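**Student:** The structure under discussion is supplied below as structure tokens; questions concerning it will follow.
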Protein chains: 2
Amino acid sequence: MAQQEVQNGGAEKVAAAVSFTAVKPQILVESPKANDAVQFYKAAFGAEEVGRTTHPKRKAEQELPLILSAELKLAGFTFLVSDLSSEDFASPAKSAGSGVVLCLETEDVEAAINKAVAAGAVAEGEVLSGEGACCGERVGKVKDPFGVVWAICAPAKKCDLPEIEGPVV
Amino acid sequence: MAQQEVQNGGAEKVAAAVSFTAVKPQILVESPKANDAVQFYKAAFGAEEVGRTTHPKRKAEQELPLILSAELKLAGFTFLVSDLSSEDFASPAKSAGSGVVLCLETEDVEAAINKAVAAGAVAEGEVLSGEGACCGERVGKVKDPFGVVWAICAPAKKCDLPEIEGPVV
């Protein structure tokens with residue numbers, strides 16, 4: 001009764017009250033490579049795996065169970081790594097985000113890039129400084145073996161661009 | 001002297017000490033639509049813009065300054081929205097992450113999807129429950145007007161799959 005009312009006419013009212021409790025990037029990789037991806041993120045960035053859920057139906061059928069979601073922690077932030085299953089996604093290209101990169105903040109951009117490259121990532125372009133850097137003093141990019149681009153950024157000392165202060169009168 | 005030593009042979013030692021201070025998703029949009037994207041994320045998800053840096057060189061040349069980075073907060077999490085500039089990225093398809101979606105956790109998946117769709121997103125597929133849901137009880141997906149896929153998830157009550165406990169002997 002009340003349920004039907006909500007379905008028919010209450011969507012906007014309900015929508016106004018929507019609240020979110022978390023934002024987590026989720027990396028989708030071609031099945032069954034999510035486990036490889038988890039190992040890569042541990043080696044390249046020092047991520048820690050704190051949880052994993054696998055597809056219960058698949059466990060008995062094949063060697064590597066599909067990973068619904070592996071939860072990784074890095075610098076206190078959470079990201080997820082999942083196997084793309086044909087059930088969830090008709091086409092990776094269709095369902096995957098087309099313009100999302102993951103920014104990692106660090107004090108030593110070059111060392112972080114070197115470590116990622118040693119683990120199997122490919123450096124993209126030069127390390128940029130100053131005006132060319134997104135929200136940072138220096139930024140470089142690597143693409144990991146699973147197609148994800150990581151921006152390695154040194155955080156700017158101040159978020160605002162410096163302004164010349166007028167003389168105190 | 002010591003610098004040369006580090007460059008030649010010390011990369012692995014230095015890399016072992018790399019530490020990160022933050023992980024932030026960055027959404028790259030076709031220039032100059034980053035401002036539109038920021039407005040969309042405010043309307044669709046209730047994000048708040050807390051900072052913006054624009055490309056200083058562009059300010060005088062065109063009406064909309066290129067956004068190097070707009071910083072948005074949502075549920076205490078930060079994400080960035082940037083105009084793709086030809087200087088930074090030779091090709092969006094080449095540089096953008098190919099398999100990253102952003103998961104938003106909420107108690108009311110349908111209301112969140114309705115609000116996002118009302119703001120201009122397109123629902124993708126059905127809302128899935130249980131086994132099909134990535135790290136949540138229920139999950140639906142929307143693609144925003146800028147090509148980013150958002151997974152709208154109700155967080156699972158427990159992270160681990162339930163197990164049947166044996167009788168206490």
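Letters A, B, ... mark the chains of the structure tokens in the order given; residue numbers begin at 1 per chain; ligand numbers begin at 1, in order shown.
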Compute the chain B side of the contact with chain A at 6 Å, counting only C-alpha atoms, and hand it back as a ChimeraX atom specification.
**Tutor:** /B:15,18,20-28,68-69,75,96-106,111-112,115,134-135,147-149
